[in-house]
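S.K.: Provided herewith: model00.txt, compact mmCIF, C-alpha atoms and all ligand atoms.
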# COMPACT_ATOMS: atom_id res chain seq x y z
CA MET A 384 -21.56 1.79 -10.80
CA PRO A 385 -22.83 4.77 -8.77
CA ILE A 386 -22.11 4.53 -5.07
CA ASN A 387 -25.03 5.13 -2.76
CA TYR A 388 -24.31 7.56 0.07
CA SER A 389 -26.73 5.72 2.33
CA ASP A 390 -24.76 2.52 1.70
CA HIS A 391 -24.35 0.79 5.05
CA ALA A 392 -20.65 0.10 4.54
CA LEU A 393 -20.00 3.74 3.75
CA GLN A 394 -21.88 4.91 6.85
CA LEU A 395 -19.99 2.46 9.00
CA SER A 396 -16.66 3.51 7.56
CA LEU A 397 -17.52 7.17 8.26
CA LYS A 398 -18.22 6.40 11.92
CA SER A 399 -14.87 4.72 12.35
CA SER A 400 -13.04 7.39 10.35
CA LYS A 401 -9.85 8.68 11.94
CA VAL A 402 -9.25 12.43 11.97
CA LEU A 403 -5.85 13.77 13.01
CA ILE A 404 -5.84 17.31 14.44
CA VAL A 405 -2.44 19.03 14.36
CA GLU A 406 -2.51 22.11 16.59
CA ASP A 407 0.08 23.58 18.95
CA GLN A 408 -2.28 25.76 21.06
CA LEU A 409 -3.82 23.56 23.75
CA LEU A 410 -7.04 25.56 24.09
CA THR A 411 -7.71 25.54 20.34
CA LEU A 412 -6.95 21.83 20.25
CA ILE A 413 -9.54 21.19 22.95
CA VAL A 414 -12.19 23.20 21.07
CA LEU A 415 -11.53 21.42 17.77
CA ARG A 416 -11.49 18.02 19.43
CA LYS A 417 -14.79 18.74 21.14
CA ALA A 418 -16.44 19.57 17.81
CA LEU A 419 -15.43 16.23 16.26
CA SER A 420 -14.80 13.58 18.89
CA ASP A 421 -18.44 12.52 19.28
CA ARG A 422 -18.71 11.68 15.61
CA PHE A 423 -15.25 10.47 14.58
CA ASN A 424 -12.16 8.85 15.93
CA VAL A 425 -9.97 11.80 16.80
CA MET A 426 -6.17 11.66 17.13
CA THR A 427 -4.14 14.72 18.05
CA SER A 428 -0.63 15.99 17.58
CA ARG A 429 1.14 19.18 18.68
CA SER A 430 3.81 19.37 15.95
CA GLY A 431 4.35 18.73 12.24
CA GLU A 432 7.19 16.28 12.81
CA GLU A 433 5.13 14.20 15.22
CA ALA A 434 2.15 14.29 12.85
CA ILE A 435 4.24 12.90 9.96
CA ASP A 436 5.52 10.03 12.12
CA LEU A 437 2.01 9.28 13.29
CA CYS A 438 0.69 9.26 9.71
CA LYS A 439 3.25 6.65 8.67
CA LEU A 440 2.51 4.47 11.69
CA ASP A 441 -1.28 4.75 11.82
CA PRO A 442 -2.60 6.69 8.81
CA PRO A 443 -5.69 8.82 9.54
CA ASP A 444 -8.45 9.32 6.93
CA LEU A 445 -8.12 13.10 7.14
CA ILE A 446 -5.85 15.74 8.68
CA LEU A 447 -6.85 19.10 10.14
CA LEU A 448 -3.66 21.14 10.02
CA ASP A 449 -2.69 24.39 11.69
CA ILE A 450 -0.08 26.59 9.93
CA ASN A 451 1.82 28.21 12.82
CA LEU A 452 3.54 25.35 14.60
CA GLU A 453 6.80 24.99 16.45
CA GLY A 454 9.44 23.25 14.30
CA ILE A 455 8.32 22.78 10.71
CA ASN A 456 5.15 24.75 9.94
CA GLY A 457 1.87 23.38 8.57
CA ILE A 458 2.68 24.12 4.93
CA GLU A 459 6.03 22.31 5.11
CA THR A 460 4.29 19.46 6.92
CA CYS A 461 1.71 19.19 4.14
CA LEU A 462 4.38 19.22 1.43
CA LYS A 463 6.25 16.41 3.19
CA LEU A 464 3.08 14.34 3.49
CA LYS A 465 2.27 14.86 -0.20
CA ASN A 466 5.79 13.83 -1.24
CA THR A 467 5.71 10.56 0.67
CA TYR A 468 4.04 7.54 -0.88
CA GLU A 469 2.46 6.20 2.31
CA THR A 470 0.85 9.51 3.22
CA GLN A 471 0.19 11.34 -0.06
CA ASP A 472 -3.46 10.28 -0.40
CA ILE A 473 -4.53 11.52 3.04
CA PRO A 474 -6.67 14.67 2.53
CA VAL A 475 -5.41 17.74 4.37
CA ILE A 476 -7.66 20.60 5.51
CA PHE A 477 -5.84 23.70 6.73
CA ILE A 478 -7.41 25.45 9.69
CA THR A 479 -5.84 28.81 10.44
CA SER A 480 -6.33 32.50 11.07
CA LEU A 481 -3.56 33.30 8.56
CA GLU A 482 -5.65 34.28 5.55
CA SER A 483 -2.59 35.54 3.68
CA GLU A 484 -1.34 31.95 3.42
CA GLU A 485 -4.42 30.63 1.62
CA GLY A 486 -2.68 30.39 -1.78
CA ALA A 487 0.30 28.54 -0.29
CA CYS A 488 -2.09 26.03 1.29
CA TRP A 489 -3.71 25.17 -2.05
CA GLU A 490 -0.29 24.86 -3.65
CA ALA A 491 0.87 22.51 -0.90
CA GLY A 492 -1.95 20.14 -1.83
CA ALA A 493 -4.76 21.02 0.60
CA VAL A 494 -8.33 19.89 -0.15
CA ASP A 495 -9.90 22.69 1.92
CA PHE A 496 -9.16 25.80 3.93
CA ILE A 497 -11.07 26.78 7.08
CA LYS A 498 -10.67 30.11 8.84
CA LYS A 499 -10.32 30.39 12.61
CA PRO A 500 -12.33 30.98 14.70
CA THR A 501 -14.63 28.29 13.34
CA ASN A 502 -18.26 27.46 13.88
CA PRO A 503 -18.19 23.86 15.26
CA GLU A 504 -21.15 22.79 13.12
CA THR A 505 -19.47 24.11 9.97
CA LEU A 506 -16.27 22.35 10.93
CA PHE A 507 -18.09 19.06 11.47
CA ARG A 508 -19.91 19.30 8.13
CA ARG A 509 -16.82 20.23 6.14
CA VAL A 510 -14.87 17.35 7.72
CA ARG A 511 -17.72 14.93 7.08
CA ALA A 512 -17.99 15.98 3.43
CA HIS A 513 -14.29 15.28 2.84
CA LEU A 514 -14.46 11.99 4.71
CA MET A 515 -17.33 10.92 2.44
CA ILE A 516 -15.26 11.67 -0.64
CA LYS A 517 -12.36 9.75 0.87
CA ALA A 518 -14.59 6.76 1.71
CA GLN A 519 -15.96 6.71 -1.86
CA HIS A 520 -12.45 6.94 -3.22
CA ASP A 521 -11.33 4.02 -1.03
CA LEU A 522 -14.34 1.93 -2.07
CA LEU A 523 -13.73 2.59 -5.75
CA ASN A 524 -10.04 1.74 -5.35
CA GLN A 525 -11.02 -1.52 -3.74
CA LYS A 526 -13.10 -2.43 -6.81
CA VAL A 527 -10.54 -1.30 -9.39
CA PHE A 528 -7.39 -2.64 -7.77
CA ILE A 529 -8.33 -6.04 -6.29
CA ASP A 530 -7.94 -9.38 -8.11
CA ASP A 531 -11.21 -11.36 -8.07
CA LEU A 532 -9.73 -14.82 -7.60
CA THR A 533 -7.20 -14.15 -4.83
CA GLN A 534 -8.51 -10.92 -3.28
CA ILE A 535 -4.99 -9.46 -3.31
CA TYR A 536 -3.98 -6.41 -5.39
CA ASN A 537 -4.02 -6.83 -9.17
CA ARG A 538 -1.57 -5.87 -11.93
CA ARG A 539 -3.23 -2.47 -12.34
CA TYR A 540 -2.49 -1.64 -8.71
CA PHE A 541 1.15 -2.61 -9.13
CA ASP A 542 1.52 -0.61 -12.35
CA THR A 543 -0.06 2.47 -10.81
CA HIS A 544 1.62 2.38 -7.43
CA PHE A 545 5.08 1.02 -8.05
CA ILE A 546 5.96 4.07 -10.17
CA LYS A 547 4.99 6.35 -7.28
CA ILE A 548 6.90 4.28 -4.73
CA GLU A 549 9.96 4.23 -6.97
CA GLN A 550 9.87 8.00 -7.47
CA SER A 551 9.39 8.60 -3.75
CA ALA A 552 12.33 6.28 -2.92
CA LEU A 553 14.61 7.95 -5.48
CA ARG A 554 13.75 11.38 -4.06
CA GLU A 555 14.52 10.26 -0.52
CA ASN A 556 17.57 8.28 -1.67
CA ALA A 557 15.94 5.28 -0.02
CA ASP A 558 16.03 1.68 -1.15
CA CYS A 559 13.14 -0.45 -2.37
CA ALA A 560 13.09 -4.12 -3.35
CA LEU A 561 11.03 -6.08 -5.82
CA LEU A 562 10.42 -9.85 -5.83
CA LEU A 563 8.99 -11.63 -8.86
CA ILE A 564 7.44 -14.97 -7.94
CA ASP A 565 6.33 -17.75 -10.29
CA ILE A 566 4.74 -21.06 -9.33
CA ASP A 567 6.77 -24.02 -10.59
CA TYR A 568 5.30 -26.49 -13.09
CA PHE A 569 1.86 -25.00 -12.69
CA LYS A 570 0.63 -26.04 -16.13
CA GLN A 571 1.32 -29.65 -15.17
CA TYR A 572 -0.39 -29.07 -11.84
CA ASN A 573 -3.57 -27.97 -13.62
CA ASP A 574 -3.32 -30.80 -16.12
CA THR A 575 -2.97 -33.34 -13.31
CA TYR A 576 -5.29 -32.06 -10.59
CA GLY A 577 -7.72 -29.88 -12.57
CA HIS A 578 -8.28 -26.12 -12.83
CA VAL A 579 -10.53 -25.87 -9.78
CA GLN A 580 -7.78 -27.32 -7.63
CA GLY A 581 -5.31 -25.07 -9.49
CA ASP A 582 -7.35 -22.01 -8.57
CA ALA A 583 -7.38 -23.11 -4.91
CA VAL A 584 -3.58 -23.38 -4.99
CA LEU A 585 -3.25 -19.89 -6.51
CA ASN A 586 -5.38 -18.59 -3.69
CA LEU A 587 -3.39 -20.39 -1.01
CA VAL A 588 -0.07 -19.19 -2.42
CA ALA A 589 -1.40 -15.59 -2.54
CA GLN A 590 -2.46 -15.78 1.12
CA THR A 591 0.85 -17.37 2.12
CA ILE A 592 2.83 -14.58 0.46
CA THR A 593 0.60 -11.98 2.16
CA LYS A 594 1.14 -13.55 5.58
CA SER A 595 4.90 -13.63 5.03
CA LEU A 596 5.07 -9.83 4.73
CA GLN A 597 5.56 -7.91 7.96
CA ARG A 598 5.78 -4.16 7.34
CA PRO A 599 2.57 -2.20 6.66
CA ALA A 600 4.05 -0.71 3.46
CA ASP A 601 4.94 -4.12 1.95
CA PHE A 602 2.46 -5.48 -0.56
CA VAL A 603 1.90 -8.28 -3.07
CA SER A 604 0.04 -8.07 -6.40
CA ARG A 605 -1.04 -10.81 -8.76
CA PHE A 606 1.16 -9.96 -11.74
CA GLY A 607 -0.29 -12.43 -14.24
CA GLY A 608 -1.66 -16.01 -14.29
CA GLU A 609 0.55 -17.80 -11.74
CA GLU A 610 2.94 -14.94 -11.14
CA PHE A 611 3.10 -12.50 -8.25
CA VAL A 612 5.14 -9.40 -7.57
CA VAL A 613 6.09 -8.25 -4.06
CA VAL A 614 7.10 -4.65 -3.32
CA LEU A 615 9.23 -4.00 -0.22
CA PRO A 616 9.74 -0.24 0.33
CA HIS A 617 12.78 0.85 2.37
CA THR A 618 14.31 -2.60 1.99
CA GLY A 619 17.78 -3.44 0.66
CA ASN A 620 19.31 -6.66 -0.64
CA LYS A 621 19.79 -8.33 2.73
CA GLY A 622 16.28 -7.69 3.99
CA ALA A 623 14.72 -8.65 0.67
CA ASN A 624 16.68 -11.91 0.62
CA CYS A 625 15.29 -12.80 4.06
CA VAL A 626 11.72 -12.06 3.00
CA ALA A 627 12.14 -14.06 -0.23
CA ASP A 628 13.54 -17.07 1.65
CA LYS A 629 10.68 -16.90 4.11
CA ILE A 630 8.09 -16.81 1.31
CA LYS A 631 9.75 -19.70 -0.56
CA ASN A 632 9.90 -21.83 2.60
CA ASN A 633 6.36 -21.01 3.67
CA VAL A 634 4.97 -22.08 0.28
CA MET A 635 6.96 -25.33 0.31
CA GLN A 636 5.71 -26.00 3.84
CA LEU A 637 2.10 -25.82 2.72
CA GLY A 638 2.87 -29.37 1.64
CA ILE A 639 0.63 -29.35 -1.45
CA LEU A 640 1.44 -32.58 -3.30
CA HIS A 641 2.65 -32.19 -6.90
CA LYS A 642 3.68 -35.53 -8.30
CA HIS A 643 5.27 -34.07 -11.45
CA SER A 644 7.70 -31.85 -9.53
CA GLU A 645 11.11 -33.12 -8.46
CA HIS A 646 10.45 -31.24 -5.21
CA GLU A 647 7.36 -33.40 -4.57
CA PHE A 648 5.27 -30.38 -3.48
CA VAL A 649 4.06 -27.12 -5.05
CA THR A 650 7.01 -24.69 -4.99
CA ILE A 651 7.88 -21.24 -6.30
CA SER A 652 10.86 -19.62 -7.98
CA ILE A 653 11.79 -16.07 -6.98
CA GLY A 654 13.88 -13.35 -8.60
CA GLY A 655 14.76 -10.23 -6.62
CA ALA A 656 16.22 -6.80 -7.36
CA THR A 657 16.57 -3.50 -5.51
CA LEU A 658 16.54 0.11 -6.68
CA GLN A 659 20.04 0.81 -5.39
CA THR A 660 21.73 -2.15 -7.04
CA ARG A 661 20.09 -2.08 -10.47
CA ASP A 662 22.18 -1.00 -13.43
CA ASN A 663 21.28 1.70 -15.90
CA SER A 664 20.37 -0.54 -18.81
CA LYS A 665 17.56 -2.45 -17.09
CA ASN A 666 14.83 -1.43 -14.69
CA THR A 667 14.13 -3.21 -11.42
CA LEU A 668 11.33 -5.30 -12.85
CA GLN A 669 13.41 -6.54 -15.79
CA LEU A 670 16.21 -7.49 -13.41
CA ALA A 671 13.86 -9.34 -11.05
CA ASP A 672 12.36 -11.15 -14.06
CA GLU A 673 15.79 -12.27 -15.32
CA ARG A 674 16.70 -13.55 -11.89
CA MET A 675 13.41 -15.39 -11.58
CA TYR A 676 14.31 -17.29 -14.77
CA GLN A 677 17.74 -17.93 -13.29
CA SER A 678 15.99 -19.59 -10.32
CA LYS A 679 13.98 -21.71 -12.78
CA PHE A 680 17.09 -22.65 -14.71
CA GLN A 681 19.01 -23.63 -11.58
CA GLY A 682 16.35 -26.12 -10.51
CA ARG A 683 13.32 -24.11 -9.24
CA ASN A 684 12.20 -23.78 -5.57
CA GLN A 685 14.88 -21.13 -5.01
CA VAL A 686 15.69 -17.44 -4.76
CA SER A 687 18.11 -15.50 -7.00
CA PHE A 688 19.37 -11.96 -6.44
P1 LIG B 701 7.48 -23.10 -14.88
O1 LIG B 701 7.93 -23.95 -13.74
O2 LIG B 701 8.53 -22.95 -15.91
O3 LIG B 701 6.95 -21.79 -14.42
O4 LIG B 701 6.30 -23.90 -15.57
P2 LIG B 701 4.76 -23.54 -15.59
O5 LIG B 701 4.01 -24.72 -16.06
O6 LIG B 701 4.34 -23.01 -14.26
O7 LIG B 701 4.72 -22.34 -16.59
P3 LIG B 701 3.80 -22.03 -17.84
O8 LIG B 701 4.02 -20.59 -18.13
O9 LIG B 701 4.09 -23.01 -18.95
O10 LIG B 701 2.33 -22.27 -17.37
C1 LIG B 701 1.64 -21.42 -16.47
C2 LIG B 701 0.31 -22.05 -16.20
O11 LIG B 701 -0.42 -21.30 -15.23
C3 LIG B 701 -0.58 -22.10 -17.42
C4 LIG B 701 -1.96 -21.96 -16.87
O12 LIG B 701 -2.65 -23.16 -17.00
C5 LIG B 701 -1.79 -21.65 -15.39
N1 LIG B 701 -2.65 -20.56 -14.96
C6 LIG B 701 -2.54 -19.25 -15.26
N2 LIG B 701 -3.56 -18.56 -14.69
C7 LIG B 701 -4.34 -19.45 -14.04
C8 LIG B 701 -5.54 -19.36 -13.26
O13 LIG B 701 -6.13 -18.28 -13.05
N3 LIG B 701 -6.05 -20.49 -12.72
C9 LIG B 701 -5.42 -21.68 -12.93
N4 LIG B 701 -5.96 -22.78 -12.37
N5 LIG B 701 -4.30 -21.81 -13.65
C10 LIG B 701 -3.76 -20.72 -14.19
MG MG B 702 -0.57 27.41 15.86
MG MG B 703 4.74 -18.06 -15.43
MG MG B 704 5.18 -21.18 -13.58
MG MG B 705 6.74 -20.62 -17.92
Produce structure tokens that represent the structure in this file.

M.R.:
Amino acid sequence: MPINYSDHALQLSLKSSKVLIVEDQLLTLIVLRKALSDRFNVMTSRSGEEAIDLCKLDPPDLILLDINLEGINGIETCLKLKNTYETQDIPVIFITSLESEEGACWEAGAVDFIKKPTNPETLFRRVRAHLMIKAQHDLLNQKVFIDDLTQIYNRRYFDTHFIKIEQSALRENADCALLLIDIDYFKQYNDTYGHVQGDAVLNLVAQTITKSLQRPADFVSRFGGEEFVVVLPHTGNKGANCVADKIKNNVMQLGILHKHSEHEFVTISIGGATLQTRDNSKNTLQLADERMYQSKFQGRNQVSF
């Protein structure tokens, strides 16, 4: 479906777009900010290191990046952003007087290159054009990656993004945990209370899992019918166990009656695995799946790691 540029939602999202300017020279920073701050939400940073931290904490929609900076330079900053899962999709425009570095900027993953000194109107229009592309991209992602029934991410999102998260974690030698969640006796639930009620329970469980996650990088996808998968970046066994227990307890505490369950209410079984503790023969998902069945086998309404 073609997306209309005059679409109200798109216009609104442009107005609230966040642009991060990374510039060490105060005077230049003031000029750049002046050109953009009436039209967008402008954030500023004086160094590459600070910009990276800021991007992880409060990701902007676009970055205007200087090359000559104290500490790591703009090109190194861009490479770091592009190699990190949470920040790799943020478009970067280089803004510099160093024309000789143009090739290096493209190679680092820039979407545009603007020479200093810059005409403020040109700067505004170039930034707006890239923000529009970003807004379209976000809107399209929303349609492709969201499950209709529960409004959480779908299987396609998990399949596409978990690979990237895994690669990023392996590169950084960081941990990452996976939880596979399956609703207990759900066929009997449908057979007893009807599919409409079953759908409502799926929805409620999806929202409960979502609310149980605390870090911005954590996410849940609907993996299949009554199964969900939770991804917890930078989380090891201990942390993942805590999250899994919290999710299991929160679902039980919804208090949804299920007369064919020995637990009396709707419950879930969870299997967990982490990148660092998996063995070579099985991947993280296969391990989590095995452990989920272990939870079923041991009586359901429990977590296995
Ligand atoms: P177990 O405790 O071993 O997981 O038993 P179970 O009955 O939950 O497992 P089974 O795999 O036999 O059945 C899963 C059921 O989930 C079958 C299907 O009716 C139900 N289901 C799958 N997708 C949907 C859905 O979108 N809506 C509803 N209402 N039910 C669904
Ligand atoms: Mg500079
Ligand atoms: Mg199942
Ligand atoms: Mg089930
Ligand atoms: Mg089953």

S.K.: Counting all atoms listed in the file, which residue out of A:Ile404, A:Phe423, A:Ile478, A:Thr618 sits closest to Ile446 in chain A?

M.R.: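 Checking each candidate against Ile446 in chain A, we get A:Ile404 as the closest.
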
S.K.: Would you give me, as CSV, each residue of chain A having an atom within 7 Å of an atom of ligand MG 703 (chain B), along with its shortest atom pair and that distance in Å to one decimal, using only C-alpha atoms and all ligand atoms and sorting by chain and residue number?

M.R.:
residue,atom,partner,partner_atom,distance
A:Asp565,CA,B:MG703,MG,5.4
A:Ile566,CA,B:MG703,MG,6.8
A:Gly608,CA,B:MG703,MG,6.8
A:Glu609,CA,B:MG703,MG,5.6
A:Glu610,CA,B:MG703,MG,5.6

S.K.: Let me have all residues with an atom within 12 Å of ligand MG 704 (chain B), counting all atoms listed in the file, laid out as number ranges by chain.

M.R.: A: 563-573, 581, 585, 607-611, 644, 649-653, 675-676, 678-679, 683-684

S.K.: Give me the residues of chain A that have any atom at most 8 Å from an atom of ligand MG 702 (chain B); for each, the nearest atom pair and the distance in Å, rounded to one decimal. Use only C-alpha atoms and all ligand atoms, sort by chain and number, and format it as a tab-separated table.

M.R.:
residue	atom	partner	partner_atom	distance
A:Glu406	CA	B:MG702	MG	5.7
A:Asp407	CA	B:MG702	MG	5.0
A:Gln408	CA	B:MG702	MG	5.7
A:Asp449	CA	B:MG702	MG	5.6
A:Ile450	CA	B:MG702	MG	6.0
A:Asn451	CA	B:MG702	MG	3.9
A:Leu452	CA	B:MG702	MG	4.8
A:Glu453	CA	B:MG702	MG	7.8
A:Thr479	CA	B:MG702	MG	7.7

S.K.: Using all atoms listed in the file, which residue out of A:Glu647, A:Asp582, A:Glu459, A:Asp672 lies closest to Leu532 in chain A?

M.R.: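 Looking only at the distances to Leu532 in chain A, the closest residue turns out to be A:Asp582.
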
S.K.: Do a neighbour search on Cys625 in chain A at 12 Å with all atoms listed in the file, toss out local chain neighbours closer than 6 positions, and write the hits as a PyMOL selection string.

M.R.: chain A and resi 560+562+595-597+615+618-619+631-632+655+686-688

S.K.: Give the answer as one residue: which of A:Gly486, A:Asn663, A:Gly654, A:Leu514 has the shortest atom-to-atom distance to Gln677 in chain A, using all atoms listed in the file?

M.R.: A:Gly654

S.K.: Quick one: of A:Tyr468, A:Phe477, A:Tyr540, A:Trp489, who's nearest to Lys439 in chain A, counting only C-alpha atoms?

M.R.: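 That would be A:Tyr468, the residue with the smallest distance to Lys439 in chain A.
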
S.K.: From the list A:Cys438, A:Val494, A:Leu587, A:Val626, which residue is nearest Asp601 in chain A when using all atoms listed in the file?

M.R.: A:Val626

S.K.: Kindly provide, as a PyMOL selection string, the polymer residues lying within 12 Å of (4.9, 5.7, -7.0), counting all atoms listed in the file and using the coordinates exactly as they appear in the file.

M.R.: chain A and resi 465-472+540-554+559+614+616

S.K.: Please, what distance in Å, to one decimal, runs between CA of Gly622 in chain A and CA of Leu668 in chain A?

M.R.: 17.7 Å

S.K.: Hey, which of A:Lys629, A:Ile476, A:Leu440, A:Val405 ends up closest to Asn456 in chain A? Count only C-alpha atoms.

M.R.: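 Going through A:Lys629, A:Ile476, A:Leu440, A:Val405 one by one, the smallest distance to Asn456 in chain A is for A:Val405.
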
S.K.: State, in Å with one decimal place, the distance from CA of Ile435 in chain A to CA of Leu410 in chain A.

M.R.: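 Computing it gives 22.1 Å between the two atoms.
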
S.K.: Quick one: everything within 10 Å of Asn586 in chain A, counting all atoms listed in the file, minus sequence neighbours fewer than 5 positions away in the same chain. Send it as a PDB file with C-alpha atoms, keeping the file's coordinate frame.

M.R.:
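File produced: part-v9.pdb:
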ATOM      1  CA  LEU A 532      -9.730 -14.820  -7.600  1.00  0.00           C
ATOM      2  CA  THR A 533      -7.200 -14.150  -4.830  1.00  0.00           C
ATOM      3  CA  GLN A 534      -8.510 -10.920  -3.280  1.00  0.00           C
ATOM      4  CA  ILE A 535      -4.990  -9.460  -3.310  1.00  0.00           C
ATOM      5  CA  GLN A 580      -7.780 -27.320  -7.630  1.00  0.00           C
ATOM      6  CA  GLY A 581      -5.310 -25.070  -9.490  1.00  0.00           C
ATOM      7  CA  THR A 591       0.850 -17.370   2.120  1.00  0.00           C
TER       8      THR A 591
END
